[in-house]
Every structure is written in C-alpha cells, then in structure tokens.
Amino acid sequence: MIQKETTVQNPTGLHARPASQLTQLCKKFPEKITLLAGNHTVDPKSIVSILMAGMKKGTPITVQVEGENEQAVCDEIVAFIDGLSE
C-alpha cells in the first residue's frame, strides 16, 4: 500500500461536480482506493461517500492505494485533487 497527503484547494471543496469527476476517475482503476479526511474514511468510487465527508477547502486528505499500479494511481488522484479550481 502507498499513501500520499494533499489538501483540498478548490474554493468550494469537493461538492457535487468535482466529487462526480473524482468518482469517475477512481472507477477506472481496479486498485483499492481509500481517502482519509478527518474522522471520515471515504470510498472515492462512491459519490455519496465523498459528499458525506464534507471535504471543504483546506481539508487535509490522505490518499491510500493498494494494488498493482498503486504509485501511478495515487499520483493521478492527488494531481486531480490538487488541480481542482472553480
């Protein structure tokens, strides 16, 4: 398993549109992906799970990936979260 930390920079956080985009991205990968945000353990392949975590701007997130291409998948997810902006 590999993990990497990032922080939500999007001014409106991970609301419906970016949450949907993140879910679509994560569903492309067979690896097990987990986001840790505060007290929440989030399955990013579920938009409901992402929205329930209420990740706002400034929320620290740990991306955990377990599987064959874990480094590449983790880097892509972190890059997506870092690149979000309204």
# chains A, B, ... in the order shown; residues from 1 in each chain; ligands from 1
call {"tool": "residues_around", "arguments": {"residues": "stretch 30-37 of chain A", "least_positions_apart": "3", "cutoff": "7 Å", "atoms": "only C-alpha atoms", "output": "ChimeraX atom specification"}}
result
/A:40-44,59-68,70
call {"tool": "select_by_dssp", "arguments": {"residues": "chain A", "states": "strand (DSSP E or B)", "output": "VMD selection string"}}
result
chain A and resid 2 to 7 32 to 37 40 to 42 60 to 66
call {"tool": "residues_around", "arguments": {"residues": "A:Lys45", "least_positions_apart": "2", "cutoff": "10 Å", "atoms": "only C-alpha atoms", "output": "PDB file with N, CA and C atoms, in the first residue's frame"}}
result
ATOM      1  N   ALA A  19     -16.810  16.028  -7.068  1.00  0.00           N
ATOM      2  CA  ALA A  19     -16.970  14.702  -6.452  1.00  0.00           C
ATOM      3  C   ALA A  19     -17.333  13.677  -7.517  1.00  0.00           C
ATOM      4  N   SER A  20     -18.202  14.057  -8.434  1.00  0.00           N
ATOM      5  CA  SER A  20     -18.593  13.176  -9.533  1.00  0.00           C
ATOM      6  C   SER A  20     -17.395  12.871 -10.435  1.00  0.00           C
ATOM      7  N   LEU A  22     -14.226  12.971  -9.575  1.00  0.00           N
ATOM      8  CA  LEU A  22     -13.297  12.134  -8.817  1.00  0.00           C
ATOM      9  C   LEU A  22     -13.779  10.684  -8.804  1.00  0.00           C
ATOM     10  N   THR A  23     -15.084  10.480  -8.636  1.00  0.00           N
ATOM     11  CA  THR A  23     -15.654   9.133  -8.656  1.00  0.00           C
ATOM     12  C   THR A  23     -15.413   8.471 -10.007  1.00  0.00           C
ATOM     13  N   GLN A  24     -15.647   9.202 -11.097  1.00  0.00           N
ATOM     14  CA  GLN A  24     -15.428   8.652 -12.438  1.00  0.00           C
ATOM     15  C   GLN A  24     -13.961   8.273 -12.641  1.00  0.00           C
ATOM     16  N   LEU A  25     -13.053   9.118 -12.159  1.00  0.00           N
ATOM     17  CA  LEU A  25     -11.624   8.835 -12.269  1.00  0.00           C
ATOM     18  C   LEU A  25     -11.266   7.561 -11.502  1.00  0.00           C
ATOM     19  N   CYS A  26     -11.710   7.476 -10.263  1.00  0.00           N
ATOM     20  CA  CYS A  26     -11.341   6.342  -9.413  1.00  0.00           C
ATOM     21  C   CYS A  26     -11.934   5.024  -9.897  1.00  0.00           C
ATOM     22  N   LYS A  27     -13.112   5.077 -10.510  1.00  0.00           N
ATOM     23  CA  LYS A  27     -13.750   3.857 -11.009  1.00  0.00           C
ATOM     24  C   LYS A  27     -12.986   3.243 -12.181  1.00  0.00           C
ATOM     25  N   LYS A  28     -12.090   4.008 -12.810  1.00  0.00           N
ATOM     26  CA  LYS A  28     -11.282   3.484 -13.913  1.00  0.00           C
ATOM     27  C   LYS A  28     -10.237   2.491 -13.416  1.00  0.00           C
ATOM     28  N   PHE A  29      -9.914   2.551 -12.131  1.00  0.00           N
ATOM     29  CA  PHE A  29      -8.809   1.758 -11.598  1.00  0.00           C
ATOM     30  C   PHE A  29      -9.312   0.556 -10.808  1.00  0.00           C
ATOM     31  N   LYS A  32      -7.581  -0.834  -4.918  1.00  0.00           N
ATOM     32  CA  LYS A  32      -8.398  -0.407  -3.768  1.00  0.00           C
ATOM     33  C   LYS A  32      -7.934   0.997  -3.390  1.00  0.00           C
ATOM     34  N   ILE A  33      -8.852   1.951  -3.393  1.00  0.00           N
ATOM     35  CA  ILE A  33      -8.531   3.343  -3.121  1.00  0.00           C
ATOM     36  C   ILE A  33      -9.350   3.807  -1.921  1.00  0.00           C
ATOM     37  N   THR A  34      -8.674   4.466  -0.987  1.00  0.00           N
ATOM     38  CA  THR A  34      -9.343   4.999   0.195  1.00  0.00           C
ATOM     39  C   THR A  34      -8.846   6.421   0.432  1.00  0.00           C
ATOM     40  N   VAL A  42     -13.239   7.422   3.364  1.00  0.00           N
ATOM     41  CA  VAL A  42     -14.065   7.648   2.183  1.00  0.00           C
ATOM     42  C   VAL A  42     -13.713   6.659   1.071  1.00  0.00           C
ATOM     43  N   ASP A  43     -14.744   6.063   0.473  1.00  0.00           N
ATOM     44  CA  ASP A  43     -14.585   5.254  -0.731  1.00  0.00           C
ATOM     45  C   ASP A  43     -14.810   6.189  -1.916  1.00  0.00           C
ATOM     46  N   ILE A  47     -19.855   8.394  -4.953  1.00  0.00           N
ATOM     47  CA  ILE A  47     -20.061   9.843  -4.821  1.00  0.00           C
ATOM     48  C   ILE A  47     -20.720  10.187  -3.490  1.00  0.00           C
ATOM     49  N   VAL A  48     -21.609   9.319  -3.019  1.00  0.00           N
ATOM     50  CA  VAL A  48     -22.279   9.568  -1.736  1.00  0.00           C
ATOM     51  C   VAL A  48     -21.254   9.596  -0.610  1.00  0.00           C
ATOM     52  N   SER A  49     -20.306   8.669  -0.638  1.00  0.00           N
ATOM     53  CA  SER A  49     -19.260   8.623   0.382  1.00  0.00           C
ATOM     54  C   SER A  49     -18.436   9.913   0.381  1.00  0.00           C
ATOM     55  N   ILE A  50     -18.111  10.410  -0.807  1.00  0.00           N
ATOM     56  CA  ILE A  50     -17.338  11.654  -0.916  1.00  0.00           C
ATOM     57  C   ILE A  50     -18.132  12.826  -0.359  1.00  0.00           C
TER      58      ILE A  50
END
call {"tool": "select_by_dssp", "arguments": {"residues": "stretch 51-84 of chain A", "states": "helix (DSSP H, G or I)", "output": "list in words"}}
result
Leu51, Met52, Ala53, Glu70, Gln71, Ala72, Val73, Cys74, Asp75, Glu76, Ile77, Val78, Ala79, Phe80, Ile81, Asp82 and Gly83 of chain A
call {"tool": "write_last_selection", "arguments": {"atoms": "all heavy atoms", "output": "tab-separated table (two decimals), in the first residue's frame"}}
result
chain	number	residue	atom	x	y	z
A	51	LEU	N	-19.39	12.95	-0.77
A	51	LEU	CA	-20.21	14.08	-0.33
A	51	LEU	C	-20.47	14.05	1.17
A	51	LEU	O	-20.50	15.10	1.82
A	51	LEU	CB	-21.53	14.10	-1.11
A	51	LEU	CG	-21.40	14.38	-2.60
A	51	LEU	CD1	-22.74	14.24	-3.30
A	51	LEU	CD2	-20.80	15.75	-2.86
A	52	MET	N	-20.64	12.85	1.74
A	52	MET	CA	-20.91	12.74	3.18
A	52	MET	C	-19.71	13.19	4.02
A	52	MET	O	-19.88	13.62	5.16
A	52	MET	CB	-21.31	11.31	3.55
A	52	MET	CG	-22.72	10.98	3.09
A	52	MET	SD	-23.25	9.32	3.56
A	52	MET	CE	-23.17	9.40	5.32
A	53	ALA	N	-18.51	13.11	3.47
A	53	ALA	CA	-17.31	13.51	4.22
A	53	ALA	C	-17.21	15.03	4.35
A	53	ALA	O	-16.51	15.53	5.22
A	53	ALA	CB	-16.06	12.96	3.55
A	70	GLU	N	-0.14	1.03	-7.79
A	70	GLU	CA	-0.55	1.95	-6.73
A	70	GLU	C	0.13	3.32	-6.81
A	70	GLU	O	-0.50	4.33	-6.56
A	70	GLU	CB	-0.37	1.31	-5.35
A	70	GLU	CG	0.98	0.75	-5.07
A	70	GLU	CD	1.01	-0.16	-3.85
A	70	GLU	OE1	0.02	-0.82	-3.51
A	70	GLU	OE2	2.09	-0.19	-3.22
A	71	GLN	N	1.42	3.38	-7.16
A	71	GLN	CA	2.10	4.68	-7.22
A	71	GLN	C	1.50	5.57	-8.29
A	71	GLN	O	1.19	6.74	-8.04
A	71	GLN	CB	3.61	4.48	-7.48
A	71	GLN	CG	4.38	5.80	-7.50
A	71	GLN	CD	4.43	6.45	-6.13
A	71	GLN	OE1	4.89	5.85	-5.17
A	71	GLN	NE2	3.96	7.68	-6.02
A	72	ALA	N	1.31	5.04	-9.49
A	72	ALA	CA	0.76	5.83	-10.59
A	72	ALA	C	-0.67	6.27	-10.30
A	72	ALA	O	-1.05	7.42	-10.56
A	72	ALA	CB	0.80	5.03	-11.90
A	73	VAL	N	-1.48	5.37	-9.74
A	73	VAL	CA	-2.87	5.69	-9.42
A	73	VAL	C	-2.92	6.77	-8.33
A	73	VAL	O	-3.66	7.76	-8.45
A	73	VAL	CB	-3.64	4.43	-8.98
A	73	VAL	CG1	-5.02	4.79	-8.44
A	73	VAL	CG2	-3.76	3.45	-10.14
A	74	CYS	N	-2.12	6.61	-7.30
A	74	CYS	CA	-2.09	7.60	-6.21
A	74	CYS	C	-1.68	8.96	-6.74
A	74	CYS	O	-2.31	9.97	-6.42
A	74	CYS	CB	-1.12	7.12	-5.12
A	74	CYS	SG	-1.17	8.10	-3.62
A	75	ASP	N	-0.64	9.00	-7.56
A	75	ASP	CA	-0.17	10.27	-8.12
A	75	ASP	C	-1.25	10.94	-8.97
A	75	ASP	O	-1.43	12.16	-8.91
A	75	ASP	CB	1.09	10.06	-8.97
A	75	ASP	CG	2.31	9.71	-8.13
A	75	ASP	OD1	2.28	9.92	-6.90
A	75	ASP	OD2	3.30	9.23	-8.71
A	76	GLU	N	-2.00	10.15	-9.74
A	76	GLU	CA	-3.04	10.70	-10.61
A	76	GLU	C	-4.20	11.29	-9.78
A	76	GLU	O	-4.72	12.36	-10.09
A	76	GLU	CB	-3.56	9.64	-11.58
A	76	GLU	CG	-4.46	10.23	-12.64
A	76	GLU	CD	-4.75	9.29	-13.79
A	76	GLU	OE1	-4.01	8.31	-13.99
A	76	GLU	OE2	-5.74	9.56	-14.51
A	77	ILE	N	-4.57	10.60	-8.71
A	77	ILE	CA	-5.66	11.09	-7.86
A	77	ILE	C	-5.24	12.36	-7.13
A	77	ILE	O	-6.00	13.33	-7.07
A	77	ILE	CB	-6.11	10.00	-6.88
A	77	ILE	CG1	-6.76	8.84	-7.66
A	77	ILE	CG2	-7.08	10.55	-5.83
A	77	ILE	CD1	-6.96	7.59	-6.85
A	78	VAL	N	-4.03	12.37	-6.59
A	78	VAL	CA	-3.53	13.57	-5.92
A	78	VAL	C	-3.45	14.74	-6.90
A	78	VAL	O	-3.85	15.86	-6.57
A	78	VAL	CB	-2.16	13.30	-5.23
A	78	VAL	CG1	-1.53	14.60	-4.77
A	78	VAL	CG2	-2.34	12.35	-4.05
A	79	ALA	N	-2.98	14.49	-8.10
A	79	ALA	CA	-2.89	15.54	-9.12
A	79	ALA	C	-4.28	16.08	-9.45
A	79	ALA	O	-4.47	17.29	-9.62
A	79	ALA	CB	-2.20	15.02	-10.38
A	80	PHE	N	-5.28	15.19	-9.52
A	80	PHE	CA	-6.65	15.62	-9.80
A	80	PHE	C	-7.15	16.54	-8.67
A	80	PHE	O	-7.67	17.62	-8.94
A	80	PHE	CB	-7.57	14.41	-9.94
A	80	PHE	CG	-9.03	14.81	-10.06
A	80	PHE	CD1	-9.54	15.20	-11.28
A	80	PHE	CD2	-9.85	14.83	-8.94
A	80	PHE	CE1	-10.90	15.60	-11.38
A	80	PHE	CE2	-11.18	15.21	-9.04
A	80	PHE	CZ	-11.69	15.61	-10.27
A	81	ILE	N	-6.98	16.12	-7.43
A	81	ILE	CA	-7.45	16.92	-6.28
A	81	ILE	C	-6.71	18.25	-6.24
A	81	ILE	O	-7.34	19.30	-6.04
A	81	ILE	CB	-7.28	16.14	-4.97
A	81	ILE	CG1	-8.21	14.93	-4.95
A	81	ILE	CG2	-7.54	17.04	-3.75
A	81	ILE	CD1	-7.95	13.95	-3.81
A	82	ASP	N	-5.40	18.23	-6.46
A	82	ASP	CA	-4.61	19.46	-6.45
A	82	ASP	C	-4.99	20.41	-7.58
A	82	ASP	O	-4.87	21.63	-7.45
A	82	ASP	CB	-3.12	19.15	-6.53
A	82	ASP	CG	-2.56	18.53	-5.26
A	82	ASP	OD1	-3.26	18.56	-4.22
A	82	ASP	OD2	-1.44	18.01	-5.31
A	83	GLY	N	-5.46	19.86	-8.70
A	83	GLY	CA	-5.78	20.67	-9.86
A	83	GLY	C	-7.19	21.25	-9.88
A	83	GLY	O	-7.54	22.01	-10.79
call {"tool": "atom_distance", "arguments": {"atom1": "atom CA of A:Arg17", "atom2": "atom CA of A:Ser85"}}
result
11.2 Å
call {"tool": "atom_distance", "arguments": {"atom1": "atom CA of A:Leu14", "atom2": "atom CA of A:Asn69"}}
result
24.9 Å
call {"tool": "decode", "arguments": {"residues": "stretch 14-26 of chain A", "atoms": "all heavy atoms", "output": "PDB file, in the first residue's frame"}}
result
ATOM      1  N   LEU A  14     -15.006  19.720  -2.233  1.00  0.00           N
ATOM      2  CA  LEU A  14     -15.398  18.620  -3.120  1.00  0.00           C
ATOM      3  C   LEU A  14     -16.913  18.509  -3.120  1.00  0.00           C
ATOM      4  O   LEU A  14     -17.497  17.617  -2.517  1.00  0.00           O
ATOM      5  CB  LEU A  14     -14.751  17.306  -2.675  1.00  0.00           C
ATOM      6  CG  LEU A  14     -13.270  17.154  -2.982  1.00  0.00           C
ATOM      7  CD1 LEU A  14     -12.731  15.852  -2.432  1.00  0.00           C
ATOM      8  CD2 LEU A  14     -13.012  17.236  -4.468  1.00  0.00           C
ATOM      9  N   HIS A  15     -17.553  19.458  -3.791  1.00  0.00           N
ATOM     10  CA  HIS A  15     -19.014  19.449  -3.914  1.00  0.00           C
ATOM     11  C   HIS A  15     -19.402  18.533  -5.066  1.00  0.00           C
ATOM     12  O   HIS A  15     -18.570  17.789  -5.590  1.00  0.00           O
ATOM     13  CB  HIS A  15     -19.557  20.876  -4.096  1.00  0.00           C
ATOM     14  CG  HIS A  15     -19.042  21.559  -5.309  1.00  0.00           C
ATOM     15  ND1 HIS A  15     -19.617  21.400  -6.541  1.00  0.00           N
ATOM     16  CD2 HIS A  15     -17.981  22.383  -5.492  1.00  0.00           C
ATOM     17  CE1 HIS A  15     -18.937  22.114  -7.439  1.00  0.00           C
ATOM     18  NE2 HIS A  15     -17.937  22.714  -6.820  1.00  0.00           N
ATOM     19  N   ALA A  16     -20.637  18.557  -5.504  1.00  0.00           N
ATOM     20  CA  ALA A  16     -21.188  17.574  -6.437  1.00  0.00           C
ATOM     21  C   ALA A  16     -20.383  17.373  -7.718  1.00  0.00           C
ATOM     22  O   ALA A  16     -20.063  16.241  -8.072  1.00  0.00           O
ATOM     23  CB  ALA A  16     -22.636  17.936  -6.781  1.00  0.00           C
ATOM     24  N   ARG A  17     -20.054  18.439  -8.435  1.00  0.00           N
ATOM     25  CA  ARG A  17     -19.375  18.266  -9.724  1.00  0.00           C
ATOM     26  C   ARG A  17     -17.986  17.656  -9.565  1.00  0.00           C
ATOM     27  O   ARG A  17     -17.675  16.635 -10.190  1.00  0.00           O
ATOM     28  CB  ARG A  17     -19.318  19.574 -10.509  1.00  0.00           C
ATOM     29  CG  ARG A  17     -18.736  19.398 -11.914  1.00  0.00           C
ATOM     30  CD  ARG A  17     -18.766  20.682 -12.746  1.00  0.00           C
ATOM     31  NE  ARG A  17     -18.358  21.877 -12.049  1.00  0.00           N
ATOM     32  CZ  ARG A  17     -17.081  22.203 -11.779  1.00  0.00           C
ATOM     33  NH1 ARG A  17     -16.101  21.417 -12.153  1.00  0.00           N
ATOM     34  NH2 ARG A  17     -16.791  23.316 -11.150  1.00  0.00           N
ATOM     35  N   PRO A  18     -17.094  18.242  -8.739  1.00  0.00           N
ATOM     36  CA  PRO A  18     -15.775  17.612  -8.605  1.00  0.00           C
ATOM     37  C   PRO A  18     -15.844  16.238  -7.936  1.00  0.00           C
ATOM     38  O   PRO A  18     -15.034  15.365  -8.243  1.00  0.00           O
ATOM     39  CB  PRO A  18     -14.964  18.598  -7.781  1.00  0.00           C
ATOM     40  CG  PRO A  18     -15.922  19.551  -7.201  1.00  0.00           C
ATOM     41  CD  PRO A  18     -17.155  19.521  -8.050  1.00  0.00           C
ATOM     42  N   ALA A  19     -16.810  16.028  -7.068  1.00  0.00           N
ATOM     43  CA  ALA A  19     -16.970  14.702  -6.452  1.00  0.00           C
ATOM     44  C   ALA A  19     -17.333  13.677  -7.517  1.00  0.00           C
ATOM     45  O   ALA A  19     -16.816  12.557  -7.525  1.00  0.00           O
ATOM     46  CB  ALA A  19     -18.036  14.748  -5.366  1.00  0.00           C
ATOM     47  N   SER A  20     -18.202  14.057  -8.434  1.00  0.00           N
ATOM     48  CA  SER A  20     -18.593  13.176  -9.533  1.00  0.00           C
ATOM     49  C   SER A  20     -17.395  12.871 -10.435  1.00  0.00           C
ATOM     50  O   SER A  20     -17.179  11.728 -10.849  1.00  0.00           O
ATOM     51  CB  SER A  20     -19.717  13.815 -10.341  1.00  0.00           C
ATOM     52  OG  SER A  20     -20.008  13.054 -11.479  1.00  0.00           O
ATOM     53  N   GLN A  21     -16.606  13.884 -10.731  1.00  0.00           N
ATOM     54  CA  GLN A  21     -15.421  13.699 -11.569  1.00  0.00           C
ATOM     55  C   GLN A  21     -14.399  12.790 -10.883  1.00  0.00           C
ATOM     56  O   GLN A  21     -13.788  11.934 -11.528  1.00  0.00           O
ATOM     57  CB  GLN A  21     -14.788  15.051 -11.898  1.00  0.00           C
ATOM     58  CG  GLN A  21     -15.649  15.914 -12.790  1.00  0.00           C
ATOM     59  CD  GLN A  21     -15.138  17.344 -12.892  1.00  0.00           C
ATOM     60  OE1 GLN A  21     -14.421  17.836 -12.024  1.00  0.00           O
ATOM     61  NE2 GLN A  21     -15.512  18.028 -13.964  1.00  0.00           N
ATOM     62  N   LEU A  22     -14.226  12.971  -9.575  1.00  0.00           N
ATOM     63  CA  LEU A  22     -13.297  12.134  -8.817  1.00  0.00           C
ATOM     64  C   LEU A  22     -13.779  10.684  -8.804  1.00  0.00           C
ATOM     65  O   LEU A  22     -12.990   9.753  -8.980  1.00  0.00           O
ATOM     66  CB  LEU A  22     -13.141  12.662  -7.391  1.00  0.00           C
ATOM     67  CG  LEU A  22     -12.208  11.856  -6.477  1.00  0.00           C
ATOM     68  CD1 LEU A  22     -10.793  11.764  -7.062  1.00  0.00           C
ATOM     69  CD2 LEU A  22     -12.174  12.485  -5.089  1.00  0.00           C
ATOM     70  N   THR A  23     -15.084  10.480  -8.636  1.00  0.00           N
ATOM     71  CA  THR A  23     -15.654   9.133  -8.656  1.00  0.00           C
ATOM     72  C   THR A  23     -15.413   8.471 -10.007  1.00  0.00           C
ATOM     73  O   THR A  23     -14.989   7.312 -10.073  1.00  0.00           O
ATOM     74  CB  THR A  23     -17.163   9.181  -8.344  1.00  0.00           C
ATOM     75  OG1 THR A  23     -17.341   9.697  -7.027  1.00  0.00           O
ATOM     76  CG2 THR A  23     -17.794   7.809  -8.428  1.00  0.00           C
ATOM     77  N   GLN A  24     -15.647   9.202 -11.097  1.00  0.00           N
ATOM     78  CA  GLN A  24     -15.428   8.652 -12.438  1.00  0.00           C
ATOM     79  C   GLN A  24     -13.961   8.273 -12.641  1.00  0.00           C
ATOM     80  O   GLN A  24     -13.649   7.227 -13.209  1.00  0.00           O
ATOM     81  CB  GLN A  24     -15.871   9.649 -13.505  1.00  0.00           C
ATOM     82  CG  GLN A  24     -17.370   9.819 -13.572  1.00  0.00           C
ATOM     83  CD  GLN A  24     -17.783  10.955 -14.511  1.00  0.00           C
ATOM     84  OE1 GLN A  24     -16.954  11.618 -15.116  1.00  0.00           O
ATOM     85  NE2 GLN A  24     -19.085  11.188 -14.611  1.00  0.00           N
ATOM     86  N   LEU A  25     -13.053   9.118 -12.159  1.00  0.00           N
ATOM     87  CA  LEU A  25     -11.624   8.835 -12.269  1.00  0.00           C
ATOM     88  C   LEU A  25     -11.266   7.561 -11.502  1.00  0.00           C
ATOM     89  O   LEU A  25     -10.619   6.668 -12.038  1.00  0.00           O
ATOM     90  CB  LEU A  25     -10.809  10.027 -11.735  1.00  0.00           C
ATOM     91  CG  LEU A  25      -9.297   9.804 -11.614  1.00  0.00           C
ATOM     92  CD1 LEU A  25      -8.668   9.636 -12.997  1.00  0.00           C
ATOM     93  CD2 LEU A  25      -8.654  10.963 -10.864  1.00  0.00           C
ATOM     94  N   CYS A  26     -11.710   7.476 -10.263  1.00  0.00           N
ATOM     95  CA  CYS A  26     -11.341   6.342  -9.413  1.00  0.00           C
ATOM     96  C   CYS A  26     -11.934   5.024  -9.897  1.00  0.00           C
ATOM     97  O   CYS A  26     -11.327   3.967  -9.725  1.00  0.00           O
ATOM     98  CB  CYS A  26     -11.746   6.612  -7.970  1.00  0.00           C
ATOM     99  SG  CYS A  26     -10.754   7.921  -7.201  1.00  0.00           S
TER     100      CYS A  26
END
